[in-house]
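Here is start.pdb, consisting of PDB, C-alpha atoms and all ligand atoms:
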ATOM      1  CA  MET A   1     176.919-162.743-162.191
ATOM      2  CA  PHE A   2     178.514-161.523-165.374
ATOM      3  CA  LEU A   3     175.376-162.431-167.301
ATOM      4  CA  ALA A   4     173.085-160.531-164.872
ATOM      5  CA  CYS A   5     175.262-157.435-165.163
ATOM      6  CA  HIS A   6     175.237-157.714-168.909
ATOM      7  CA  VAL A   7     171.439-157.925-169.022
ATOM      8  CA  MET A   8     171.079-154.926-166.716
ATOM      9  CA  PHE A   9     173.531-152.937-168.807
ATOM     10  CA  GLU A  10     171.602-153.729-171.963
ATOM     11  CA  ARG A  11     168.322-152.708-170.343
ATOM     12  CA  LEU A  12     169.875-149.447-169.216
ATOM     13  CA  LEU A  13     171.213-148.843-172.702
ATOM     14  CA  THR A  14     167.806-149.597-174.247
ATOM     15  CA  SER A  15     166.040-147.180-171.937
ATOM     16  CA  ILE A  16     168.599-144.451-172.675
ATOM     17  CA  ILE A  17     168.131-144.974-176.403
ATOM     18  CA  LEU A  18     164.341-144.912-176.039
ATOM     19  CA  THR A  19     164.487-141.709-174.001
ATOM     20  CA  VAL A  20     166.684-140.031-176.623
ATOM     21  CA  LEU A  21     164.355-141.136-179.432
ATOM     22  CA  CYS A  22     161.339-139.858-177.508
ATOM     23  CA  LEU A  23     162.890-136.464-176.839
ATOM     24  CA  GLY A  24     163.914-136.280-180.487
ATOM     25  CA  GLY A  25     160.320-136.935-181.508
ATOM     26  CA  VAL A  26     158.990-134.193-179.253
ATOM     27  CA  TRP A  27     161.657-131.817-180.587
ATOM     28  CA  ALA A  28     160.735-132.603-184.199
ATOM     29  CA  LEU A  29     157.010-132.140-183.530
ATOM     30  CA  ARG A  30     157.292-128.710-181.962
ATOM     31  CA  SER A  31     156.187-125.886-184.259
ATOM     32  CA  PRO A  32     159.019-124.418-186.337
ATOM     33  CA  ASP A  33     158.970-121.090-184.520
ATOM     34  CA  SER A  34     156.451-120.985-181.748
ATOM     35  CA  SER A  35     157.380-117.419-180.801
ATOM     36  CA  SER A  36     156.023-115.836-183.986
ATOM     37  CA  VAL A  37     152.406-115.666-185.113
ATOM     38  CA  THR A  38     151.695-117.012-188.561
ATOM     39  CA  LEU A  39     148.469-117.591-190.424
ATOM     40  CA  ALA A  40     148.224-120.501-192.852
ATOM     41  CA  ALA A  41     146.424-119.685-196.113
ATOM     42  CA  ASP A  42     144.304-122.825-195.943
ATOM     43  CA  ARG A  43     142.771-121.662-192.663
ATOM     44  CA  VAL A  44     141.350-118.523-194.251
ATOM     45  CA  PRO A  45     138.156-118.871-196.320
ATOM     46  CA  LEU A  46     137.315-116.701-199.320
ATOM     47  CA  VAL A  47     135.950-113.351-198.202
ATOM     48  CA  THR A  48     133.239-112.182-200.609
ATOM     49  CA  GLY A  49     132.688-108.709-199.180
ATOM     50  CA  ASP A  50     128.987-109.367-198.553
ATOM     51  CA  GLU A  51     129.777-110.007-194.879
ATOM     52  CA  PRO A  52     129.351-107.265-192.239
ATOM     53  CA  ILE A  53     132.589-105.269-191.907
ATOM     54  CA  ALA A  54     133.590-106.860-188.576
ATOM     55  CA  GLU A  55     133.230-110.304-190.093
ATOM     56  CA  ILE A  56     135.420-109.316-193.044
ATOM     57  CA  PHE A  57     138.272-108.510-190.649
ATOM     58  CA  THR A  58     137.802-111.579-188.471
ATOM     59  CA  LYS A  59     137.214-114.008-191.357
ATOM     60  CA  ALA A  60     140.337-112.769-193.146
ATOM     61  CA  GLY A  61     142.366-113.165-189.946
ATOM     62  CA  CYS A  62     143.467-109.511-189.786
ATOM     63  CA  ALA A  63     142.211-109.431-186.185
ATOM     64  CA  VAL A  64     144.790-112.061-185.186
ATOM     65  CA  CYS A  65     147.627-109.625-185.815
ATOM     66  CA  HIS A  66     146.082-106.163-185.702
ATOM     67  CA  THR A  67     144.164-104.004-183.277
ATOM     68  CA  ILE A  68     141.344-102.391-185.251
ATOM     69  CA  PRO A  69     139.155 -99.668-183.729
ATOM     70  CA  GLY A  70     135.478-100.608-183.573
ATOM     71  CA  ILE A  71     136.053-104.288-184.346
ATOM     72  CA  ALA A  72     135.323-106.514-181.347
ATOM     73  CA  GLY A  73     138.062-109.071-180.761
ATOM     74  CA  ALA A  74     140.581-107.343-183.035
ATOM     75  CA  ASN A  75     143.283-106.961-180.399
ATOM     76  CA  GLY A  76     146.281-108.406-182.245
ATOM     77  CA  ARG A  77     149.714-106.991-181.468
ATOM     78  CA  VAL A  78     151.894-108.569-184.151
ATOM     79  CA  GLY A  79     151.386-105.724-186.609
ATOM     80  CA  PRO A  80     150.706-102.021-185.989
ATOM     81  CA  PRO A  81     147.285-100.901-184.765
ATOM     82  CA  LEU A  82     145.347-100.007-187.906
ATOM     83  CA  LEU A  83     144.976 -96.265-187.362
ATOM     84  CA  VAL A  84     145.760 -95.695-190.994
ATOM     85  CA  GLY A  85     143.790 -92.446-191.208
ATOM     86  CA  ALA A  86     146.558 -91.013-189.016
ATOM     87  CA  THR A  87     149.535 -93.183-189.880
ATOM     88  CA  GLY A  88     148.894 -93.515-193.641
ATOM     89  CA  PRO A  89     150.031 -89.956-194.512
ATOM     90  CA  VAL A  90     153.135 -90.516-192.340
ATOM     91  CA  ARG A  91     154.016 -93.698-194.285
ATOM     92  CA  LEU A  92     153.459 -92.004-197.641
ATOM     93  CA  SER A  93     155.849 -89.191-196.735
ATOM     94  CA  ASP A  94     158.452 -91.556-195.241
ATOM     95  CA  PRO A  95     161.720 -91.074-197.210
ATOM     96  CA  SER A  96     162.086 -94.858-197.432
ATOM     97  CA  TYR A  97     158.603 -95.341-198.915
ATOM     98  CA  ARG A  98     159.034 -96.903-202.384
ATOM     99  CA  GLY A  99     155.450 -97.908-203.115
ATOM    100  CA  HIS A 100     153.055 -96.470-205.685
ATOM    101  CA  ALA A 101     150.170 -95.337-203.488
ATOM    102  CA  GLN A 102     149.119 -91.695-203.734
ATOM    103  CA  THR A 103     146.292 -91.820-201.214
ATOM    104  CA  VAL A 104     145.703 -93.575-197.890
ATOM    105  CA  HIS A 105     143.019 -95.657-199.610
ATOM    106  CA  GLN A 106     145.585 -96.898-202.144
ATOM    107  CA  TYR A 107     148.137 -97.386-199.372
ATOM    108  CA  VAL A 108     145.787 -99.780-197.548
ATOM    109  CA  MET A 109     145.199-101.765-200.752
ATOM    110  CA  GLU A 110     148.914-101.919-201.454
ATOM    111  CA  SER A 111     149.680-102.964-197.853
ATOM    112  CA  VAL A 112     147.223-105.842-198.137
ATOM    113  CA  LEU A 113     148.082-107.027-201.662
ATOM    114  CA  GLU A 114     151.843-106.410-201.635
ATOM    115  CA  PRO A 115     152.919-106.160-198.008
ATOM    116  CA  GLY A 116     156.601-106.349-198.879
ATOM    117  CA  VAL A 117     156.569-102.994-200.715
ATOM    118  CA  PHE A 118     156.863-101.060-197.457
ATOM    119  CA  VAL A 119     157.560-102.588-194.075
ATOM    120  CA  VAL A 120     156.395-100.388-191.218
ATOM    121  CA  PRO A 121     159.477 -99.482-189.140
ATOM    122  CA  GLY A 122     159.661-101.400-185.877
ATOM    123  CA  TYR A 123     157.554-104.321-187.123
ATOM    124  CA  PRO A 124     158.683-107.688-188.506
ATOM    125  CA  ALA A 125     159.085-108.041-192.280
ATOM    126  CA  GLY A 126     157.683-111.097-194.026
ATOM    127  CA  THR A 127     154.964-111.592-191.401
ATOM    128  CA  MET A 128     151.907-110.075-193.026
ATOM    129  CA  PRO A 129     150.570-112.817-195.361
ATOM    130  CA  THR A 130     151.299-112.331-199.068
ATOM    131  CA  TRP A 131     148.306-114.309-200.364
ATOM    132  CA  TYR A 132     145.426-111.943-199.611
ATOM    133  CA  GLY A 133     144.978-111.190-203.303
ATOM    134  CA  ALA A 134     143.678-114.762-203.652
ATOM    135  CA  LYS A 135     141.389-114.610-200.612
ATOM    136  CA  LEU A 136     139.709-111.202-200.721
ATOM    137  CA  SER A 137     137.243-110.189-203.413
ATOM    138  CA  ALA A 138     137.592-106.704-204.910
ATOM    139  CA  LEU A 139     134.506-105.718-202.891
ATOM    140  CA  ALA A 140     136.006-106.999-199.628
ATOM    141  CA  LEU A 141     139.256-105.146-200.290
ATOM    142  CA  GLU A 142     137.371-101.952-201.123
ATOM    143  CA  LYS A 143     135.359-102.177-197.881
ATOM    144  CA  ILE A 144     138.547-102.795-195.882
ATOM    145  CA  ALA A 145     140.200 -99.717-197.399
ATOM    146  CA  VAL A 146     137.128 -97.499-196.883
ATOM    147  CA  TYR A 147     136.864 -98.583-193.233
ATOM    148  CA  LEU A 148     140.541 -98.320-192.380
ATOM    149  CA  GLU A 149     141.205 -94.950-194.007
ATOM    150  CA  GLN A 150     138.691 -93.483-191.548
ATOM    151  CA  GLN A 151     140.382 -94.914-188.433
ATOM    152  CA  GLY A 152     142.695 -92.771-186.355
ATOM    153  CA  ALA A 153     142.201 -89.669-188.497
ATOM    154  CA  ALA A 154     140.843 -87.781-185.482
ATOM    155  CA  ALA A 155     144.239 -88.161-183.813
ATOM    156  CA  VAL A 156     145.937 -85.793-186.296
ATOM    157  CA  ARG A 157     143.192 -83.172-186.429
TER     158      ARG A 157
HETATM  159  C1  LIG B   1     150.226-112.825-189.417
HETATM  160  C2  LIG B   1     150.031-111.440-189.022
HETATM  161  C3  LIG B   1     149.263-110.484-189.906
HETATM  162  C4  LIG B   1     148.024-110.674-190.502
HETATM  163  C5  LIG B   1     147.157-111.922-190.465
HETATM  164  C6  LIG B   1     147.696-109.415-191.146
HETATM  165  N1  LIG B   1     148.700-108.525-190.969
HETATM  166 FE1  LIG B   1     148.728-106.602-191.626
HETATM  167  N2  LIG B   1     150.634-106.376-190.945
HETATM  168  C7  LIG B   1     151.327-107.303-190.186
HETATM  169  C8  LIG B   1     152.622-106.768-189.835
HETATM  170  C9  LIG B   1     153.687-107.482-189.012
HETATM  171  C10 LIG B   1     152.692-105.489-190.401
HETATM  172  C11 LIG B   1     153.855-104.494-190.284
HETATM  173  C12 LIG B   1     155.006-104.906-191.188
HETATM  174  C13 LIG B   1     154.707-104.638-192.622
HETATM  175  O1  LIG B   1     154.497-103.464-192.970
HETATM  176  O2  LIG B   1     154.685-105.612-193.407
HETATM  177  C14 LIG B   1     151.411-105.262-191.085
HETATM  178  C15 LIG B   1     151.063-104.079-191.752
HETATM  179  C16 LIG B   1     149.793-103.779-192.212
HETATM  180  C17 LIG B   1     149.373-102.492-192.732
HETATM  181  C18 LIG B   1     150.210-101.221-192.763
HETATM  182  C19 LIG B   1     149.891-100.473-191.467
HETATM  183  C20 LIG B   1     150.593 -99.181-191.234
HETATM  184  O3  LIG B   1     150.543 -98.725-190.093
HETATM  185  O4  LIG B   1     151.193 -98.621-192.158
HETATM  186  C21 LIG B   1     148.058-102.600-193.065
HETATM  187  C22 LIG B   1     147.156-101.516-193.636
HETATM  188  C23 LIG B   1     147.667-103.966-192.784
HETATM  189  N3  LIG B   1     148.734-104.665-192.266
HETATM  190  C24 LIG B   1     146.395-104.458-192.999
HETATM  191  C25 LIG B   1     146.034-105.784-192.798
HETATM  192  C26 LIG B   1     144.734-106.325-193.168
HETATM  193  C27 LIG B   1     143.581-105.508-193.730
HETATM  194  C28 LIG B   1     144.767-107.668-192.878
HETATM  195  C29 LIG B   1     143.712-108.690-193.163
HETATM  196  C30 LIG B   1     143.180-108.714-194.513
HETATM  197  C31 LIG B   1     146.084-107.944-192.295
HETATM  198  N4  LIG B   1     146.818-106.786-192.269
HETATM  199  C32 LIG B   1     146.504-109.186-191.844
HETATM  200  C33 LIG B   1     150.872-108.545-189.811
HETATM  201  C34 LIG B   1     149.674-109.129-190.223
END

Can the structure in the file be given as structure tokens, please?
Ligand code: HEC
Amino acid sequence: MFLACHVMFERLLTSIILTVLCLGGVWALRSPDSSSVTLAADRVPLVTGDEPIAEIFTKAGCAVCHTIPGIAGANGRVGPPLLVGATGPVRLSDPSYRGHAQTVHQYVMESVLEPGVFVVPGYPAGTMPTWYGAKLSALALEKIAVYLEQQGAAAVR
């Protein structure tokens, strides 16, 4: 009788321990912060700039986080919609703007290469990737800036 109880108790204990270990494993495997969108550098190929403009934005992953007019599938909501033709001048005249851009074109380049220089109010800091300088060719960056500076401008006219 005592022995049977003992065996049952040990089995119970073993199954409790196994359950705890299992749950611990699941907990450890979950992504570090599943609520925020991140983009790993190794998932983004080099963008040469020879691609069509829509492909530049999708290949670089901008579309994951941004809504971009005229780019199919660019419906991201993590960052602001890229209506920089309208919002760029507002950023440049923001009293807290500490960057070096003089034009909207330069502001786009700065936002992509050094996103920490100015964080758009109301959006999360440290979310826009900081490694685009190593992924986008000068041509790709130029095409991005030319395209984006034209978006949203109609809204302020
Ligand atoms: C992982 C999400 C993410 C990705 C990918 C991303 N961005 Fe952003 N971006 C943000 C967030 C969040 C902000 C706003 C906070 C800030 O200013 O850093 C932002 C801000 C910007 C701004 C400033 C917009 C404004 O209204 O002033 C521009 C321009 C921009 N991103 C362009 C791009 C381009 C071009 C790409 C692709 C080459 C890209 N972003 C990829 C998240 C992202």

Which value, in Å to one decimal, gives the distance between CA of Tyr97 (chain A) and CA of Val117 (chain A)? 8.1 Å

To box ligand LIG 1 (chain B), take all atoms listed in the file, fit an axis-aligned box, add 8 Å on each side, and give centre and edge lengths in Å to one decimal, as JSON.
{"center_x": 149.1, "center_y": -105.7, "center_z": -191.8, "size_x": 27.8, "size_y": 30.2, "size_z": 21.5}

Could you list, as a list in words, every residue within 10 Å of Ile144 (chain A), counting all atoms listed in the file and ignoring same-chain residues fewer than 4 positions away? Gly49, Ile53, Ala54, Ile56, Phe57, His105, Val108, Met109, Val112, Leu136, Ala138, Leu139, Ala140, Leu148 and Glu149 of chain A

Going by the chain IDs and residue numbers used in this file, which residues fall under the PyMOL selection byres (((chain A and resi 63-80) around 12) and not hetatm)? Write them as a ChimeraX atom specification. /A:35-40,44,52-62,81-85,87-88,111,115,119-129,144,147-153

Write the residues of the preceding selection, restricted to C-alpha atoms, as a short mmCIF file (atom, residue, chain, number, x, y, z; two decimals), keeping the file's coordinate frame.
data_model
loop_
_atom_site.label_atom_id
_atom_site.label_comp_id
_atom_site.auth_asym_id
_atom_site.auth_seq_id
_atom_site.Cartn_x
_atom_site.Cartn_y
_atom_site.Cartn_z
CA SER A 35 157.38 -117.42 -180.80
CA SER A 36 156.02 -115.84 -183.99
CA VAL A 37 152.41 -115.67 -185.11
CA THR A 38 151.70 -117.01 -188.56
CA LEU A 39 148.47 -117.59 -190.42
CA ALA A 40 148.22 -120.50 -192.85
CA VAL A 44 141.35 -118.52 -194.25
CA PRO A 52 129.35 -107.26 -192.24
CA ILE A 53 132.59 -105.27 -191.91
CA ALA A 54 133.59 -106.86 -188.58
CA GLU A 55 133.23 -110.30 -190.09
CA ILE A 56 135.42 -109.32 -193.04
CA PHE A 57 138.27 -108.51 -190.65
CA THR A 58 137.80 -111.58 -188.47
CA LYS A 59 137.21 -114.01 -191.36
CA ALA A 60 140.34 -112.77 -193.15
CA GLY A 61 142.37 -113.16 -189.95
CA CYS A 62 143.47 -109.51 -189.79
CA PRO A 81 147.28 -100.90 -184.76
CA LEU A 82 145.35 -100.01 -187.91
CA LEU A 83 144.98 -96.26 -187.36
CA VAL A 84 145.76 -95.70 -190.99
CA GLY A 85 143.79 -92.45 -191.21
CA THR A 87 149.54 -93.18 -189.88
CA GLY A 88 148.89 -93.52 -193.64
CA SER A 111 149.68 -102.96 -197.85
CA PRO A 115 152.92 -106.16 -198.01
CA VAL A 119 157.56 -102.59 -194.08
CA VAL A 120 156.40 -100.39 -191.22
CA PRO A 121 159.48 -99.48 -189.14
CA GLY A 122 159.66 -101.40 -185.88
CA TYR A 123 157.55 -104.32 -187.12
CA PRO A 124 158.68 -107.69 -188.51
CA ALA A 125 159.08 -108.04 -192.28
CA GLY A 126 157.68 -111.10 -194.03
CA THR A 127 154.96 -111.59 -191.40
CA MET A 128 151.91 -110.08 -193.03
CA PRO A 129 150.57 -112.82 -195.36
CA ILE A 144 138.55 -102.80 -195.88
CA TYR A 147 136.86 -98.58 -193.23
CA LEU A 148 140.54 -98.32 -192.38
CA GLU A 149 141.21 -94.95 -194.01
CA GLN A 150 138.69 -93.48 -191.55
CA GLN A 151 140.38 -94.91 -188.43
CA GLY A 152 142.70 -92.77 -186.36
CA ALA A 153 142.20 -89.67 -188.50
#

Take the PyMOL selection byres (((chain A and resi 135) around 8) and not hetatm), apply it to the structure above, and return the hits as a list in words. Val44, Pro45, Leu46, Val47, Ala60, Trp131, Tyr132, Gly133, Ala134, Leu136 and Ser137 of chain A

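A straight line drawn from CA of Ser96 (chain A) to CA of Glu142 (chain A) is 26.0 Å long.
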
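Compared by their closest atoms to ligand LIG 1 (chain B), and using only C-alpha atoms and all ligand atoms, the residues A:Gln106, A:Thr130, A:Arg91, A:Ala101 rank with A:Arg91 nearest.
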
What is the CA of Glu51 (chain A) to CA of Glu114 (chain A) distance in Å? 23.4 Å

Let me make sure I understand: among A:Glu10, A:Lys143, A:Phe118, A:Leu113, which one has the smallest atom-to-atom distance to ligand LIG 1 (chain B) if we use all atoms listed in the file? A:Phe118

Which residue is closest to Ala145 (chain A)? Choose from A:Gln102, A:Gly116, A:Asp42, A:Glu110 and count all atoms listed in the file. A:Glu110
